[in-house]
$ cat start.cif   # mmCIF, C-alpha atoms
data_protein
#
loop_
_atom_site.label_atom_id
_atom_site.label_comp_id
_atom_site.auth_asym_id
_atom_site.auth_seq_id
_atom_site.Cartn_x
_atom_site.Cartn_y
_atom_site.Cartn_z
CA MET A 1 187.48 14.94 146.44
CA LYS A 2 186.94 17.70 148.92
CA LEU A 3 187.98 20.36 146.43
CA LEU A 4 187.05 20.34 142.78
CA PHE A 5 189.99 21.61 140.73
CA ILE A 6 189.20 23.41 137.48
CA THR A 7 191.98 24.57 135.16
CA MET A 8 191.35 28.00 133.72
CA ILE A 9 191.67 28.78 130.03
CA GLY A 10 193.07 32.22 130.71
CA LEU A 11 194.64 34.09 133.56
CA LEU A 12 192.44 35.83 136.08
CA THR A 13 192.60 39.58 136.18
CA ALA A 14 194.11 40.73 139.45
CA CYS A 15 191.66 42.45 141.80
CA ASN A 16 192.26 45.18 144.30
CA ALA A 17 192.88 44.06 147.85
CA GLY A 18 189.80 45.94 149.00
CA ASN A 19 187.82 49.14 148.79
CA GLY A 20 188.39 50.37 152.32
CA GLU A 21 185.22 48.88 153.76
CA ASN A 22 185.51 47.63 157.36
CA LEU A 23 188.88 49.31 157.89
CA ASP A 24 189.74 51.64 160.72
CA GLY A 25 191.06 55.18 160.32
CA GLN A 26 194.56 53.82 159.76
CA GLY A 27 193.43 51.39 157.08
CA GLN A 28 193.69 48.33 159.33
CA PRO A 29 190.96 45.63 159.36
CA LEU A 30 188.45 45.91 162.18
CA GLU A 31 188.12 43.00 164.53
CA PRO A 32 184.82 41.12 164.34
CA VAL A 33 182.06 42.46 166.54
CA ILE A 34 180.47 39.97 168.91
CA ALA A 35 177.17 41.46 169.99
CA GLU A 36 176.22 41.22 173.64
CA ASP A 37 172.93 41.11 175.51
CA ILE A 38 171.31 44.54 175.64
CA THR A 39 169.07 44.03 178.66
CA ASP A 40 169.85 44.51 182.33
CA ASP A 41 169.32 41.99 185.12
CA ASP A 42 165.65 42.94 185.38
CA GLY A 43 165.03 42.45 181.68
CA ASN A 44 164.82 46.19 180.99
CA GLU A 45 166.36 47.67 177.89
CA GLU A 46 169.70 49.31 178.56
CA LYS A 47 170.66 52.72 177.25
CA SER A 48 173.08 51.37 174.65
CA THR A 49 170.37 50.71 172.06
CA LEU A 50 169.30 52.71 169.04
CA LEU A 51 165.76 52.87 170.42
CA TRP A 52 166.92 54.56 173.65
CA ILE A 53 169.23 56.89 171.72
CA GLN A 54 166.43 57.86 169.33
CA ASP A 55 163.98 58.57 172.16
CA ASN A 56 166.42 60.37 174.44
CA VAL A 57 168.96 62.03 172.14
CA PHE A 58 168.06 62.20 168.46
CA SER A 59 164.36 63.10 168.74
CA PRO A 60 164.48 65.63 171.61
CA ILE A 61 167.83 67.25 170.73
CA CYS A 62 169.16 66.52 167.24
CA VAL A 63 166.10 66.76 165.01
CA GLU A 64 165.92 70.52 165.48
CA CYS A 65 168.68 70.66 162.86
CA HIS A 66 168.77 67.08 161.57
CA GLY A 67 165.12 66.68 160.67
CA GLY A 68 162.50 67.90 158.26
CA ALA A 69 162.74 68.28 154.50
CA ASN A 70 166.27 69.75 154.49
CA PRO A 71 168.23 68.25 157.38
CA ALA A 72 171.68 69.64 158.12
CA ALA A 73 174.42 67.80 156.18
CA GLY A 74 171.69 65.65 154.64
CA GLN A 75 171.61 63.65 157.87
CA ASN A 76 168.01 63.03 158.90
CA LEU A 77 167.49 61.64 162.40
CA SER A 78 163.71 62.08 162.55
CA ASP A 79 162.81 58.51 163.48
CA LEU A 80 164.34 55.13 164.18
CA ALA A 81 164.41 53.76 160.63
CA THR A 82 165.53 57.07 159.12
CA SER A 83 168.34 57.42 161.65
CA ALA A 84 169.63 53.91 160.94
CA LYS A 85 169.52 54.51 157.18
CA ASN A 86 171.35 57.84 157.49
CA LEU A 87 174.01 56.74 159.96
CA ILE A 88 175.13 53.13 159.71
CA ASN A 89 177.96 52.58 157.21
CA VAL A 90 177.20 55.92 155.52
CA THR A 91 180.21 58.02 154.45
CA SER A 92 180.49 61.22 156.48
CA ALA A 93 181.55 64.77 155.59
CA ASN A 94 185.08 63.54 156.29
CA ALA A 95 185.57 60.83 153.67
CA ASN A 96 187.96 58.98 156.00
CA PHE A 97 185.10 58.09 158.33
CA LYS A 98 181.68 56.50 158.23
CA ARG A 99 179.01 58.31 160.21
CA VAL A 100 178.66 55.11 162.21
CA LEU A 101 181.15 52.30 161.66
CA PRO A 102 179.76 49.28 163.52
CA GLY A 103 182.21 48.01 166.10
CA SER A 104 184.41 51.10 166.23
CA ALA A 105 183.25 54.26 167.99
CA GLN A 106 186.67 55.88 167.56
CA ASN A 107 186.29 55.57 163.78
CA SER A 108 182.67 56.77 163.72
CA TYR A 109 182.10 60.41 162.76
CA LEU A 110 179.00 60.63 164.95
CA TYR A 111 180.99 59.77 168.07
CA LEU A 112 183.84 62.08 167.07
CA LYS A 113 181.34 64.90 166.54
CA ILE A 114 179.64 64.60 169.92
CA THR A 115 182.97 64.34 171.76
CA GLY A 116 184.58 67.31 170.01
CA ALA A 117 187.37 65.38 168.30
CA SER A 118 189.58 67.51 166.06
CA GLN A 119 188.94 65.32 162.98
CA ALA A 120 185.24 66.20 163.07
CA GLY A 121 185.23 70.00 163.29
CA ALA A 122 182.69 71.78 165.48
CA ARG A 123 181.28 69.77 168.35
CA MET A 124 177.63 68.77 168.19
CA PRO A 125 174.99 69.76 169.08
CA LEU A 126 176.11 73.03 167.51
CA GLY A 127 175.69 76.08 169.73
CA LYS A 128 174.20 74.05 172.57
CA PRO A 129 175.55 72.31 175.67
CA ALA A 130 177.40 69.08 175.06
CA LEU A 131 175.42 65.87 175.37
CA SER A 132 175.30 64.31 178.81
CA THR A 133 177.84 61.68 179.78
CA ASP A 134 175.05 59.09 179.76
CA ALA A 135 174.08 60.00 176.20
CA ILE A 136 177.67 59.96 174.94
CA ASN A 137 178.38 56.63 176.62
CA ALA A 138 175.15 55.15 175.24
CA ILE A 139 176.12 56.11 171.68
CA LYS A 140 179.66 54.83 172.16
CA GLN A 141 178.44 51.51 173.54
CA TRP A 142 175.79 51.10 170.83
CA ILE A 143 178.42 51.55 168.13
CA THR A 144 180.97 49.33 169.90
CA LEU A 145 178.45 46.50 170.21
CA GLY A 146 177.84 46.55 166.46
CA ALA A 147 175.26 49.34 165.94
CA LEU A 148 172.36 46.90 166.22
CA VAL A 149 168.82 47.90 165.31
CA PRO A 150 165.68 46.61 167.02
CA PRO A 151 164.07 43.57 165.40
CA ASN A 152 160.60 44.14 163.94
CA SER A 153 161.47 47.81 163.45
CA ASN A 154 160.94 48.03 159.68
CA ILE A 155 164.69 48.50 159.22
CA SER A 156 166.33 46.32 156.57
CA ALA A 157 168.32 43.36 157.88
CA GLN A 158 171.92 43.82 156.72
CA VAL A 159 175.47 42.66 157.34
CA ASN A 160 176.99 45.40 159.49
CA ASN A 161 180.55 44.14 159.66
CA SER A 162 182.65 41.45 157.97
CA HIS A 163 186.09 40.22 158.97
CA MET A 164 188.41 37.53 157.58
CA THR A 165 191.10 35.60 159.45
CA THR A 166 193.42 33.00 157.90
CA ARG A 167 195.78 30.29 159.14
CA GLN A 168 198.42 28.21 157.39
CA LEU A 169 198.63 24.58 158.49
CA ASN A 170 201.37 22.48 156.88
CA GLU A 171 200.29 21.86 153.27
CA HIS A 172 196.96 23.68 153.51
CA LYS A 173 195.46 26.85 154.90
CA SER A 174 192.12 27.71 156.42
CA ALA A 175 190.01 30.86 156.41
CA THR A 176 187.20 32.10 158.65
CA LEU A 177 184.76 34.82 157.64
CA THR A 178 182.90 36.43 160.55
CA LEU A 179 179.68 38.22 159.65
CA SER A 180 177.96 40.52 162.12
CA PHE A 181 174.36 41.45 161.32
CA ASN A 182 172.48 44.56 162.38
CA GLN A 183 169.72 42.54 164.07
CA PRO A 184 169.03 38.98 165.26
CA MET A 185 168.81 36.50 162.40
CA ASN A 186 167.27 33.06 162.00
CA PHE A 187 170.08 30.74 160.91
CA SER A 188 168.17 27.53 161.64
CA SER A 189 167.62 26.62 157.99
CA LEU A 190 171.01 27.76 156.68
CA ALA A 191 173.32 24.95 155.54
CA SER A 192 176.86 24.98 154.18
CA GLU A 193 175.74 23.86 150.73
CA GLN A 194 173.67 27.05 150.47
CA ILE A 195 176.79 29.24 150.57
CA LEU A 196 178.72 29.62 147.33
CA ILE A 197 182.49 29.88 147.81
CA ASN A 198 185.09 29.98 145.08
CA ALA A 199 188.85 29.99 145.53
CA SER A 200 191.32 31.06 142.89
CA SER A 201 194.93 31.72 142.02
CA PRO A 202 196.27 33.55 138.95
CA THR A 203 196.15 30.27 137.00
CA ALA A 204 193.33 28.17 138.44
CA THR A 205 190.05 28.13 140.37
CA TRP A 206 188.63 25.74 142.93
CA SER A 207 184.99 25.26 143.91
CA ILE A 208 184.75 24.58 147.64
CA SER A 209 182.73 21.50 148.57
CA ASP A 210 180.31 21.83 151.48
CA GLU A 211 182.18 19.18 153.51
CA ASN A 212 185.01 21.70 153.88
CA ILE A 213 182.68 24.45 155.10
CA THR A 214 181.73 24.79 158.76
CA LEU A 215 179.04 27.19 159.96
CA SER A 216 179.18 28.42 163.55
CA VAL A 217 176.40 30.54 165.03
CA ILE A 218 178.07 32.60 167.76
CA ASN A 219 174.84 34.36 168.68
CA PRO A 220 171.74 35.51 166.73
CA GLN A 221 173.70 38.44 165.27
CA THR A 222 176.98 36.69 164.47
CA LEU A 223 177.82 33.91 162.01
CA LYS A 224 181.22 32.37 161.32
CA ILE A 225 182.00 30.54 158.07
CA THR A 226 185.19 28.47 158.18
CA ILE A 227 186.82 26.83 155.17
CA SER A 228 189.37 24.08 155.72
CA GLN A 229 191.82 22.30 153.43
CA LEU A 230 192.50 25.26 151.16
CA PRO A 231 195.49 24.73 148.83
CA LEU A 232 198.41 27.02 149.62
CA ALA A 233 198.25 28.33 146.05
CA VAL A 234 194.88 30.03 146.67
CA THR A 235 195.21 33.81 146.51
CA GLN A 236 191.55 34.88 146.45
CA LEU A 237 188.26 33.78 148.03
CA LYS A 238 184.79 34.86 146.94
CA PHE A 239 181.70 34.26 149.08
CA SER A 240 178.08 34.53 148.00
CA LEU A 241 175.15 34.32 150.44
CA ASN A 242 171.43 34.95 150.20
CA ASN A 243 171.26 33.86 146.57
CA ASN A 244 167.51 33.31 146.33
CA SER A 245 167.95 30.50 143.82
CA ILE A 246 169.63 28.51 146.60
CA SER A 247 168.48 29.93 149.92
CA SER A 248 167.52 33.07 151.79
CA ILE A 249 168.67 34.36 155.16
CA ILE A 250 165.83 35.76 157.26
CA SER A 251 165.78 37.87 160.41
CA ILE A 252 163.84 36.71 163.45
CA GLY A 253 161.30 39.36 162.48
CA GLY A 254 160.78 37.64 159.12
CA GLN A 255 162.70 40.06 156.90
CA LEU A 256 164.84 38.77 154.06
CA LEU A 257 168.47 39.85 154.32
CA ASP A 258 169.14 43.01 152.31
CA GLY A 259 172.37 41.60 150.93
CA ASN A 260 173.14 44.34 148.41
CA TYR A 261 172.40 47.29 150.74
CA ASN A 262 169.63 48.89 148.69
CA ASN A 263 167.23 48.98 151.67
CA VAL A 264 164.97 46.46 149.95
CA ASP A 265 164.46 42.97 151.37
CA GLY A 266 166.44 40.36 149.44
CA GLY A 267 169.56 40.71 147.34
CA GLU A 268 172.76 38.71 147.22
CA PHE A 269 175.57 39.40 149.69
CA ASN A 270 179.08 39.07 148.26
CA TYR A 271 182.44 39.18 150.00
CA GLU A 272 185.91 38.99 148.47
CA HIS A 273 189.24 38.39 150.21
CA ASN A 274 192.70 38.57 148.67
CA PHE A 275 195.58 36.82 150.42
#

$ encode --input "start.cif" --output "structure tokens"
Amino acid sequence: MKLLFITMIGLLTACNAGNGENLDGQGQPLEPVIAEDITDDDGNEEKSTLLWIQDNVFSPICVECHGGANPAAGQNLSDLATSAKNLINVTSANANFKRVLPGSAQNSYLYLKITGASQAGARMPLGKPALSTDAINAIKQWITLGALVPPNSNISAQVNNSHMTTRQLNEHKSATLTLSFNQPMNFSSLASEQILINASSPTATWSISDENITLSVINPQTLKITISQLPLAVTQLKFSLNNNSISSIISIGGQLLDGNYNNVDGGEFNYEHNF
């Protein structure tokens, strides 16, 4: 059988549809981010990278206030790793926005701040001329492309963005989870049997067999996990990756995926979707 059916003794407790992660300012799911090449035709690094932004914006301009032992708003931009830790997927002073929401500049407080958007209060840098058009565009593009960090930069490898799409096909349905990572990953040793997926309804659970799981590497930063032949009765899916008893996902720089976002290499990544 492609799906192992297990009858439950009791009813499952209903779970919330989500906690607001990976939603835009209107509460709608963000589309998956497909990272693009960040070099120009001559192989030079373009401006839309965190490294360029750190060297040309954060360090020379922002650290005057956002640096040192007591950075303004607790947002330290002193160096590359510190900036990434203090910006990406971190809740801002306006709880409706992340400081940087990968894939969506318009829903990133940093971008709203430097463009003078009304939702973000006073424009930054405070009391100084606005950032140059090049700097603003670089930050916008960096966020839009997924807020990637340089490999081998001592920044934890993490999932930056996750997005689920579903389809109903006659007597079954399928689901595809797109995961965008903050840096290039090495998926060469990852196999479908190393990903734990459980499906459930209010009265039953199904364990998904690996023959119904397809892994698609879109690019080194983007992985798609597709499940086929799901019963129509399924109302919830739970994914578990980077369980070190089964397998580990590693960046091209050799870092274990920080699946639980504690800025320490390793840790299980979990994702839940309710239909």

$ atom_distance --input "start.cif" --atom1 "atom CA of A:Ser48" --atom2 "atom CA of A:Asn186"
23.0 Å

$ resolve_selection --input "start.cif" --expression "the PyMOL selection byres ((chain A and resi 147-150) around 8)" --output "VMD selection string"
chain A and resid 49 to 51 84 88 100 to 103 142 to 146 151 to 153 155 160 181 to 183

$ closest_residue --input "start.cif" --among "A:Leu169, A:Met185, A:Leu230, A:Leu112" --to "A:Ala199" --atoms "all atoms listed in the file"
A:Leu230

$ resolve_selection --input "start.cif" --expression "the PyMOL selection byres ((chain A and resi 53) around 12)" --output "ChimeraX atom specification"
/A:45-52,54-62,77-80,83-84,131-132,134-143,147-150

$ atom_distance --input "start.cif" --atom1 "atom CA of A:Val63" --atom2 "atom CA of A:Lys128"
13.3 Å
